[in-house]
Number of protein chains: 2
Amino acid sequence: MANIHIPQRQHSSQNHLLAALPTEEYERLAANLELVAMPLGEMIYEPGMQLQYAYFPTSSIVSLHYVMESGSSAESSGVGNEGMVGISLFMGGDTTSSSAVVQTAGYALRLERRLLKQEFDRGGLLQSLLLRYTQALMTQMSQTAACNRHHSVEQQLCRWLLLTLDRMPSNDLIITQELVAGMLGVRREGITEAAGRLQRAGFINYRRGHISVLDRHGLESTACECYAVVKKEMHRLLSDVQYRQSA
Amino acid sequence: MANIHIPQRQHSSQNHLLAALPTEEYERLAANLELVAMPLGEMIYEPGMQLQYAYFPTSSIVSLHYVMESGSSAESSGVGNEGMVGISLFMGGDTTSSSAVVQTAGYALRLERRLLKQEFDRGGLLQSLLLRYTQALMTQMSQTAACNRHHSVEQQLCRWLLLTLDRMPSNDLIITQELVAGMLGVRREGITEAAGRLQRAGFINYRRGHISVLDRHGLESTACECYAVVKKEMHRLLSDVQYRQSA
DNA sequence: AGCTCAATGTGTGGCAACGCACATAAGGCT
DNA sequence: AGCCTTATGTGCGTTGCCACACATTGAGCT
């Protein structure tokens, strides 16, 4: 895995949080941002592990989830180029009881723990961005909790596809039903059935390990309210982040 | 509702976060802390509402939950004297998409939004306490998401009873099964059944609107791992908070 | 003491998701 | 081209929780 130091500003701008930093703050970090490959399935951290880096995904997506003693798991939130992996570094806990795994292969910029903390503690824009992002993360988690309680597998699959799609440049997801099932914490067969219905409805098209979204609107109408709630709240909290560009 | 200004330090010390503040920081807040009654069922905030105060529960417990369009709901976390209600005030979002309702009547100390933000931004101990507390809250939320997915109503009831008990001075909870059902997002009949089993097992005893825990150990053995995970993580993140006392 | 209403108990039928056990097929490999 | 692993399809029976419809009881009130 080739780590490329001093990445071009182009890469940094693919992560919304980094892109929103004023030049001064960005410059302090730039030299220390490493572009790293995020291969599918890579474990970014495990429960209790001391995290060494914060990751700002550019093209990758990371899934935050908890694995039960029984082996079954459930995702509480995903992190794409709108956010950062490693919240606990500046929250003061250093680690968490959940895991982080790469759900969509791609790249991320990583920053040493100490440097992140240092910049966070300056109390500049990075701090306020990260705090707002953290609140958005909490919204996703609590919405996931409610969604897990009340909505059908099919609805949840739609929600998940849409949230993932929002973090992708294209309409194609490279992922198996088995993995999706792991994310949602349901049986693989449940995903096969739900995906089959969505395909027959013409909303998606899939083959082994590959899902194409054909009708976004259709998915939205089948998804539960949870997708809209999360999306709206992300926009409310972070809309300025997506557009502001440093000079 | 009589608001008593300049509460005795005794009250403040009932909230772990306030109690852990060094004298200097505490003094800046003390004169502005109002002791307020928290009657059962009172809505502290609704989605989208601009929050005016942060609440530090002393003897009350507040439930953070989301209400769906269908009317059904689910709790993502509870807040007792270990924490604070109104995270969004310092996270920068000002409001959230969830609600906060008093689940156990009692008291709380409240602090004006502006003053909280001011003290938070000084970057002193209050900031780091609140951030660590927020991380503990996130642990609860993501654990609740996983728990909602995988565990039985009975297990979840045990978890909920234990977490509530940990925030109470006694072993008696004043709450109806109907309300508990609302917290867990299940049918009232489901709680009746599960509670009946727990009672027959000798773990609890209940009458209308009143639950007494007789065998804490029994509940722990029936609860899912989620209770232990949350408790352990709370302790890891906040153990110094509970013991440190200001001079 | 009796009334009354909210809280709790119980039953029936239905359904979504489960666990398990396979059958089938599709893509990468040599 | 053929093989072989891995992904997907399908069919059971089972179960936990659901919605709905009541019966019963307890606590507080007058």
# chains A, B, ... in the order shown; residues from 1 in each chain; ligands from 1
$ residues_around --residues "Tyr107 (chain B)" --least-positions-apart "2" --cutoff "9 Å" --atoms "only C-alpha atoms (C1' of nucleotides)" --output "mmCIF file with N, CA and C atoms, in the first residue's frame"
data_model
loop_
_atom_site.group_PDB
_atom_site.id
_atom_site.type_symbol
_atom_site.label_atom_id
_atom_site.label_comp_id
_atom_site.auth_asym_id
_atom_site.auth_seq_id
_atom_site.Cartn_x
_atom_site.Cartn_y
_atom_site.Cartn_z
ATOM 1 N N LEU B 35 -32.349 25.587 39.858
ATOM 2 C CA LEU B 35 -32.904 24.274 40.176
ATOM 3 C C LEU B 35 -34.349 24.240 39.695
ATOM 4 N N VAL B 36 -34.658 23.307 38.824
ATOM 5 C CA VAL B 36 -36.034 23.230 38.318
ATOM 6 C C VAL B 36 -36.605 21.836 38.521
ATOM 7 N N ALA B 37 -37.918 21.792 38.740
ATOM 8 C CA ALA B 37 -38.601 20.508 38.881
ATOM 9 C C ALA B 37 -38.770 19.901 37.499
ATOM 10 N N MET B 38 -38.652 18.591 37.431
ATOM 11 C CA MET B 38 -38.795 17.874 36.158
ATOM 12 C C MET B 38 -39.940 16.886 36.321
ATOM 13 N N PRO B 39 -41.163 17.318 36.032
ATOM 14 C CA PRO B 39 -42.313 16.422 36.233
ATOM 15 C C PRO B 39 -42.376 15.337 35.164
ATOM 16 N N PHE B 56 -28.865 19.776 33.679
ATOM 17 C CA PHE B 56 -28.037 18.803 34.381
ATOM 18 C C PHE B 56 -28.912 18.099 35.412
ATOM 19 N N PRO B 57 -29.416 16.907 35.090
ATOM 20 C CA PRO B 57 -30.302 16.206 36.021
ATOM 21 C C PRO B 57 -29.596 15.911 37.346
ATOM 22 N N THR B 58 -30.313 16.086 38.427
ATOM 23 C CA THR B 58 -29.781 15.664 39.724
ATOM 24 C C THR B 58 -30.505 14.381 40.138
ATOM 25 N N SER B 59 -31.823 14.478 40.285
ATOM 26 C CA SER B 59 -32.581 13.289 40.669
ATOM 27 C C SER B 59 -33.512 12.809 39.555
ATOM 28 N N SER B 60 -33.623 13.548 38.482
ATOM 29 C CA SER B 60 -34.522 13.145 37.398
ATOM 30 C C SER B 60 -33.780 12.314 36.347
ATOM 31 N N ILE B 61 -34.548 11.676 35.484
ATOM 32 C CA ILE B 61 -33.975 10.979 34.339
ATOM 33 C C ILE B 61 -34.737 11.407 33.093
ATOM 34 N N ALA B 105 -39.490 11.475 37.339
ATOM 35 C CA ALA B 105 -39.644 12.812 37.908
ATOM 36 C C ALA B 105 -38.535 13.109 38.905
ATOM 37 N N LEU B 109 -30.620 20.915 37.318
ATOM 38 C CA LEU B 109 -30.094 22.270 37.324
ATOM 39 C C LEU B 109 -29.994 22.698 35.873
#
$ calpha_fit_and_write --fixed "chain B" --moving "chain A" --output "tab-separated table (two decimals) with C-alpha atoms, in the first residue's frame"
chain	number	residue	atom	x	y	z
A	1	MET	CA	-42.90	25.26	39.30
A	2	ALA	CA	-40.71	27.17	41.76
A	3	ASN	CA	-37.29	27.89	40.39
A	4	ILE	CA	-34.77	28.29	43.14
A	5	HIS	CA	-31.81	30.44	42.23
A	6	ILE	CA	-28.31	30.04	43.57
A	7	PRO	CA	-28.76	26.45	44.63
A	8	GLN	CA	-26.71	24.97	47.38
A	9	ARG	CA	-23.56	23.27	46.33
A	10	GLN	CA	-25.16	20.11	47.65
A	11	HIS	CA	-27.53	20.02	44.73
A	12	SER	CA	-24.83	20.61	42.18
A	13	SER	CA	-22.81	17.77	43.55
A	14	GLN	CA	-25.65	15.43	42.73
A	15	ASN	CA	-24.82	15.90	39.08
A	16	HIS	CA	-21.53	14.22	38.34
A	17	LEU	CA	-20.46	16.60	35.61
A	18	LEU	CA	-20.99	19.67	37.74
A	19	ALA	CA	-19.46	18.01	40.77
A	20	ALA	CA	-16.29	17.29	38.84
A	21	LEU	CA	-15.65	20.91	37.91
A	22	PRO	CA	-12.75	22.72	39.57
A	23	THR	CA	-13.86	25.49	41.88
A	24	GLU	CA	-12.95	28.24	39.46
A	25	GLU	CA	-15.11	26.91	36.66
A	26	TYR	CA	-17.92	26.00	38.99
A	27	GLU	CA	-18.02	29.46	40.50
A	28	ARG	CA	-18.51	31.03	37.10
A	29	LEU	CA	-21.63	28.94	36.59
A	30	ALA	CA	-23.03	28.59	40.08
A	31	ALA	CA	-24.96	31.84	40.25
A	32	ASN	CA	-26.67	31.02	36.98
A	33	LEU	CA	-27.72	27.49	37.73
A	34	GLU	CA	-31.42	27.22	38.39
A	35	LEU	CA	-32.91	24.27	40.18
A	36	VAL	CA	-36.04	23.23	38.32
A	37	ALA	CA	-38.60	20.50	38.88
A	38	MET	CA	-38.80	17.87	36.16
A	39	PRO	CA	-42.30	16.42	36.23
A	40	LEU	CA	-42.92	13.04	34.67
A	41	GLY	CA	-43.74	13.34	31.00
A	42	GLU	CA	-42.53	16.90	30.53
A	43	MET	CA	-41.12	17.50	27.07
A	44	ILE	CA	-37.71	19.16	27.42
A	45	TYR	CA	-37.39	19.62	23.72
A	46	GLU	CA	-39.01	18.60	20.48
A	47	PRO	CA	-37.40	18.11	17.07
A	48	GLY	CA	-36.37	21.37	15.52
A	49	MET	CA	-37.04	23.40	18.63
A	50	GLN	CA	-34.42	25.93	19.57
A	51	LEU	CA	-33.20	24.83	22.96
A	52	GLN	CA	-32.85	27.63	25.53
A	53	TYR	CA	-31.23	25.76	28.40
A	54	ALA	CA	-28.92	22.89	29.10
A	55	TYR	CA	-30.20	20.59	31.87
A	56	PHE	CA	-28.03	18.80	34.37
A	57	PRO	CA	-30.29	16.20	36.02
A	58	THR	CA	-29.77	15.66	39.71
A	59	SER	CA	-32.58	13.28	40.66
A	60	SER	CA	-34.52	13.14	37.39
A	61	ILE	CA	-33.97	10.97	34.34
A	62	VAL	CA	-34.60	12.18	30.81
A	63	SER	CA	-35.18	9.96	27.82
A	64	LEU	CA	-33.85	10.88	24.38
A	65	HIS	CA	-35.93	9.33	21.69
A	66	TYR	CA	-37.27	9.64	18.21
A	67	VAL	CA	-40.95	9.63	17.33
A	68	MET	CA	-41.80	8.24	13.91
A	69	GLU	CA	-44.41	9.51	11.52
A	70	SER	CA	-46.51	6.51	12.45
A	71	GLY	CA	-46.48	7.63	16.06
A	72	SER	CA	-44.34	4.78	17.33
A	73	SER	CA	-41.14	5.71	19.04
A	74	ALA	CA	-37.83	4.40	20.27
A	75	GLU	CA	-35.39	5.60	22.85
A	76	SER	CA	-31.79	6.01	21.80
A	77	SER	CA	-30.45	6.89	25.21
A	78	GLY	CA	-31.29	8.05	28.69
A	79	VAL	CA	-29.71	10.87	30.65
A	80	GLY	CA	-29.45	10.91	34.42
A	81	ASN	CA	-27.21	12.62	36.94
A	82	GLU	CA	-24.18	11.35	35.06
A	83	GLY	CA	-24.86	13.67	32.15
A	84	MET	CA	-26.49	16.62	30.53
A	85	VAL	CA	-29.45	17.23	28.25
A	86	GLY	CA	-28.80	19.63	25.38
A	87	ILE	CA	-25.64	18.37	23.75
A	88	SER	CA	-26.56	20.18	20.56
A	89	LEU	CA	-25.97	23.53	22.25
A	90	PHE	CA	-22.23	23.08	22.25
A	91	MET	CA	-22.02	20.73	19.30
A	92	GLY	CA	-23.14	23.58	17.13
A	93	GLY	CA	-26.42	22.25	15.83
A	94	ASP	CA	-28.61	24.07	18.37
A	95	THR	CA	-31.31	21.48	17.94
A	96	THR	CA	-31.78	17.82	17.05
A	97	SER	CA	-34.24	15.62	15.22
A	98	SER	CA	-35.09	13.74	18.39
A	99	SER	CA	-37.09	14.59	21.50
A	100	ALA	CA	-36.27	14.68	25.19
A	101	VAL	CA	-38.90	13.70	27.75
A	102	VAL	CA	-38.77	13.30	31.51
A	103	GLN	CA	-38.88	9.60	32.25
A	104	THR	CA	-38.40	9.78	36.00
A	105	ALA	CA	-39.63	12.81	37.89
A	106	GLY	CA	-37.15	14.78	39.95
A	107	TYR	CA	-34.96	17.83	39.68
A	108	ALA	CA	-32.36	19.25	37.37
A	109	LEU	CA	-30.10	22.27	37.32
A	110	ARG	CA	-30.45	24.29	34.21
A	111	LEU	CA	-28.10	26.73	32.60
A	112	GLU	CA	-28.77	29.27	29.91
A	113	ARG	CA	-27.66	28.31	26.46
A	114	ARG	CA	-25.36	31.31	26.07
A	115	LEU	CA	-23.58	30.70	29.34
A	116	LEU	CA	-23.03	27.05	28.59
A	117	LYS	CA	-21.60	27.83	25.21
A	118	GLN	CA	-19.39	30.51	26.69
A	119	GLU	CA	-17.94	28.22	29.31
A	120	PHE	CA	-17.56	25.38	26.82
A	121	ASP	CA	-15.60	27.61	24.48
A	122	ARG	CA	-13.11	28.51	27.18
A	123	GLY	CA	-11.72	25.06	26.57
A	124	GLY	CA	-11.43	24.18	30.25
A	125	LEU	CA	-12.42	21.05	32.06
A	126	LEU	CA	-16.10	21.48	31.32
A	127	GLN	CA	-15.33	21.15	27.65
A	128	SER	CA	-13.41	17.95	28.02
A	129	LEU	CA	-15.97	16.51	30.41
A	130	LEU	CA	-18.81	17.26	28.04
A	131	LEU	CA	-16.98	15.82	25.09
A	132	ARG	CA	-16.23	12.63	26.93
A	133	TYR	CA	-19.80	12.46	28.09
A	134	THR	CA	-20.95	12.90	24.51
A	135	GLN	CA	-18.85	9.97	23.48
A	136	ALA	CA	-20.47	7.89	26.19
A	137	LEU	CA	-23.81	8.95	24.79
A	138	MET	CA	-22.76	7.79	21.34
A	139	THR	CA	-21.81	4.42	22.77
A	140	GLN	CA	-25.29	4.08	24.19
A	141	MET	CA	-26.90	5.05	20.93
A	142	SER	CA	-24.97	2.64	18.78
A	143	GLN	CA	-25.42	-0.12	21.33
A	144	THR	CA	-29.14	0.55	21.35
A	145	ALA	CA	-29.18	0.26	17.58
A	146	ALA	CA	-27.52	-3.15	17.73
A	147	CYS	CA	-29.67	-4.25	20.65
A	148	ASN	CA	-32.87	-3.28	18.87
A	149	ARG	CA	-31.79	-5.44	16.00
A	150	HIS	CA	-30.77	-8.58	17.80
A	151	HIS	CA	-32.16	-8.99	21.30
A	152	SER	CA	-35.48	-10.06	22.74
A	153	VAL	CA	-37.91	-7.76	24.48
A	154	GLU	CA	-37.16	-9.48	27.77
A	155	GLN	CA	-33.43	-8.90	27.42
A	156	GLN	CA	-33.99	-5.30	26.49
A	157	LEU	CA	-36.32	-4.76	29.40
A	158	CYS	CA	-33.60	-6.02	31.74
A	159	ARG	CA	-31.05	-3.75	30.13
A	160	TRP	CA	-33.37	-0.80	30.45
A	161	LEU	CA	-34.25	-1.50	34.07
A	162	LEU	CA	-30.60	-1.81	35.00
A	163	LEU	CA	-29.54	1.35	33.23
A	164	THR	CA	-32.39	3.23	34.87
A	165	LEU	CA	-31.61	1.74	38.26
A	166	ASP	CA	-28.00	2.88	37.96
A	167	ARG	CA	-29.27	6.44	37.82
A	168	MET	CA	-31.58	6.10	40.81
A	169	PRO	CA	-30.91	6.27	44.53
A	170	SER	CA	-33.39	3.49	45.34
A	171	ASN	CA	-34.55	0.21	43.82
A	172	ASP	CA	-38.01	1.48	43.03
A	173	LEU	CA	-39.05	2.89	39.70
A	174	ILE	CA	-42.22	4.91	39.35
A	175	ILE	CA	-43.33	4.10	35.85
A	176	THR	CA	-46.09	2.25	34.04
A	177	GLN	CA	-45.54	-0.64	31.67
A	178	GLU	CA	-47.16	1.50	29.02
A	179	LEU	CA	-44.40	4.07	29.34
A	180	VAL	CA	-41.66	1.46	29.40
A	181	ALA	CA	-43.12	0.04	26.20
A	182	GLY	CA	-42.92	3.49	24.67
A	183	MET	CA	-39.26	3.76	25.62
A	184	LEU	CA	-38.33	0.43	24.12
A	185	GLY	CA	-40.59	0.94	21.14
A	186	VAL	CA	-42.56	-2.27	21.68
A	187	ARG	CA	-46.16	-3.15	22.50
A	188	ARG	CA	-47.38	-2.67	26.01
A	189	GLU	CA	-48.47	-6.31	26.09
A	190	GLY	CA	-44.92	-7.35	25.32
A	191	ILE	CA	-43.74	-5.59	28.46
A	192	THR	CA	-46.55	-7.16	30.51
A	193	GLU	CA	-45.43	-10.60	29.42
A	194	ALA	CA	-41.73	-10.01	29.94
A	195	ALA	CA	-42.29	-8.30	33.29
A	196	GLY	CA	-44.51	-11.19	34.34
A	197	ARG	CA	-41.71	-13.65	33.65
A	198	LEU	CA	-39.22	-11.52	35.56
A	199	GLN	CA	-41.62	-11.32	38.47
A	200	ARG	CA	-42.20	-15.07	38.52
A	201	ALA	CA	-38.43	-15.48	38.49
A	202	GLY	CA	-38.33	-13.31	41.59
A	203	PHE	CA	-36.18	-10.60	40.01
A	204	ILE	CA	-38.71	-7.82	40.26
A	205	ASN	CA	-42.01	-7.04	41.88
A	206	TYR	CA	-44.52	-4.64	40.45
A	207	ARG	CA	-47.90	-3.11	40.93
A	208	ARG	CA	-49.63	-0.40	38.95
A	209	GLY	CA	-47.08	2.17	37.93
A	210	HIS	CA	-44.41	0.92	40.26
A	211	ILE	CA	-41.54	-1.52	39.74
A	212	SER	CA	-39.26	-2.73	42.52
A	213	VAL	CA	-36.05	-4.52	41.69
A	214	LEU	CA	-35.48	-7.40	44.08
A	215	ASP	CA	-32.62	-9.23	42.44
A	216	ARG	CA	-30.23	-7.10	40.50
A	217	HIS	CA	-28.02	-10.04	39.76
A	218	GLY	CA	-30.88	-11.95	38.26
A	219	LEU	CA	-31.63	-9.09	35.92
A	220	GLU	CA	-28.00	-8.86	34.90
A	221	SER	CA	-27.90	-12.51	34.02
A	222	THR	CA	-31.04	-12.17	31.90
A	223	ALA	CA	-29.99	-8.95	30.20
A	224	CYS	CA	-28.04	-9.02	26.97
A	225	GLU	CA	-24.40	-8.02	26.83
A	226	CYS	CA	-25.46	-4.50	25.89
A	227	TYR	CA	-25.93	-3.45	29.48
A	228	ALA	CA	-22.44	-4.48	30.46
A	229	VAL	CA	-20.90	-2.89	27.39
A	230	VAL	CA	-22.56	0.45	28.04
A	231	LYS	CA	-21.83	0.41	31.72
A	232	LYS	CA	-18.19	-0.49	31.19
A	233	GLU	CA	-17.73	2.21	28.57
A	234	MET	CA	-19.42	4.82	30.77
A	235	HIS	CA	-17.08	3.89	33.55
A	236	ARG	CA	-14.03	4.01	31.33
A	237	LEU	CA	-14.92	7.43	30.00
A	238	LEU	CA	-16.31	8.99	33.14
A	239	SER	CA	-14.95	7.17	36.16
A	240	ASP	CA	-12.87	10.13	37.26
A	241	VAL	CA	-15.96	12.31	36.96
A	242	GLN	CA	-17.85	10.43	39.60
A	243	TYR	CA	-15.20	10.67	42.24
A	244	ARG	CA	-13.45	13.94	41.71
A	245	GLN	CA	-14.91	16.65	43.89
A	246	SER	CA	-14.10	20.30	43.68
A	247	ALA	CA	-12.27	21.82	46.63
$ interface_residues --of "chain C" --to "chain A" --cutoff "8 Å" --atoms "only C-alpha atoms (C1' of nucleotides)" --output "number ranges by chain"
C: 16-18, 26
$ residues_around --residues "region 21-24 of chain C" --least-positions-apart "6" --cutoff "9 Å" --atoms "only C-alpha atoms (C1' of nucleotides)" --output "ChimeraX atom specification"
/D:8-12
$ write_last_selection --atoms "C-alpha atoms (C1' of nucleotides)" --output "mmCIF file, in the first residue's frame"
data_model
loop_
_atom_site.group_PDB
_atom_site.id
_atom_site.type_symbol
_atom_site.label_atom_id
_atom_site.label_comp_id
_atom_site.auth_asym_id
_atom_site.auth_seq_id
_atom_site.Cartn_x
_atom_site.Cartn_y
_atom_site.Cartn_z
ATOM 1 C "C1'" DT D 8 -27.311 -15.863 -5.260
ATOM 2 C "C1'" DG D 9 -32.044 -18.335 -5.332
ATOM 3 C "C1'" DT D 10 -35.601 -21.083 -2.975
ATOM 4 C "C1'" DG D 11 -38.106 -23.865 0.109
ATOM 5 C "C1'" DC D 12 -39.168 -25.559 4.298
#
$ select_by_dssp --residues "region 10-217 of chain B" --states "alpha helix (DSSP H)" --output "VMD selection string"
chain B and resid 10 to 12 16 to 19 23 to 30 88 to 91 113 to 121 125 to 150 153 to 165 177 to 184 188 to 200 216 to 217
$ interface_residues --of "chain D" --to "chain B" --cutoff "10 Å" --atoms "only C-alpha atoms (C1' of nucleotides)" --output "list in words"
DG16, DC17, DC18, DA19, DT25, DG26 and DA27 of chain D
$ write_last_selection --atoms "C-alpha atoms (C1' of nucleotides)" --output "PDB file, in the first residue's frame"
ATOM      1  C1'  DG D  16     -41.058 -13.715  18.391  1.00  0.00           C
ATOM      2  C1'  DC D  17     -43.540  -9.987  18.054  1.00  0.00           C
ATOM      3  C1'  DC D  18     -47.412  -7.771  16.030  1.00  0.00           C
ATOM      4  C1'  DA D  19     -52.503  -5.853  15.973  1.00  0.00           C
ATOM      5  C1'  DT D  25     -57.957  -5.560  38.845  1.00  0.00           C
ATOM      6  C1'  DG D  26     -55.948  -1.865  41.710  1.00  0.00           C
ATOM      7  C1'  DA D  27     -55.374   2.839  43.325  1.00  0.00           C
TER       8       DA D  27
END
$ select_by_dssp --residues "region 33-229 of chain A" --states "strand (DSSP E or B)" --output "count of residues only"
51
$ atom_distance --atom1 "C1' of DG9 (chain C)" --atom2 "C1' of DT15 (chain D)"
22.1 Å
$ atom_distance --atom1 "C1' of DG2 (chain C)" --atom2 "C1' of DT24 (chain D)"
17.5 Å
$ residues_around --residues "DC3 (chain D)" --least-positions-apart "5" --cutoff "12 Å" --atoms "only C-alpha atoms (C1' of nucleotides)" --output "PyMOL selection string"
chain C and resi 27-30
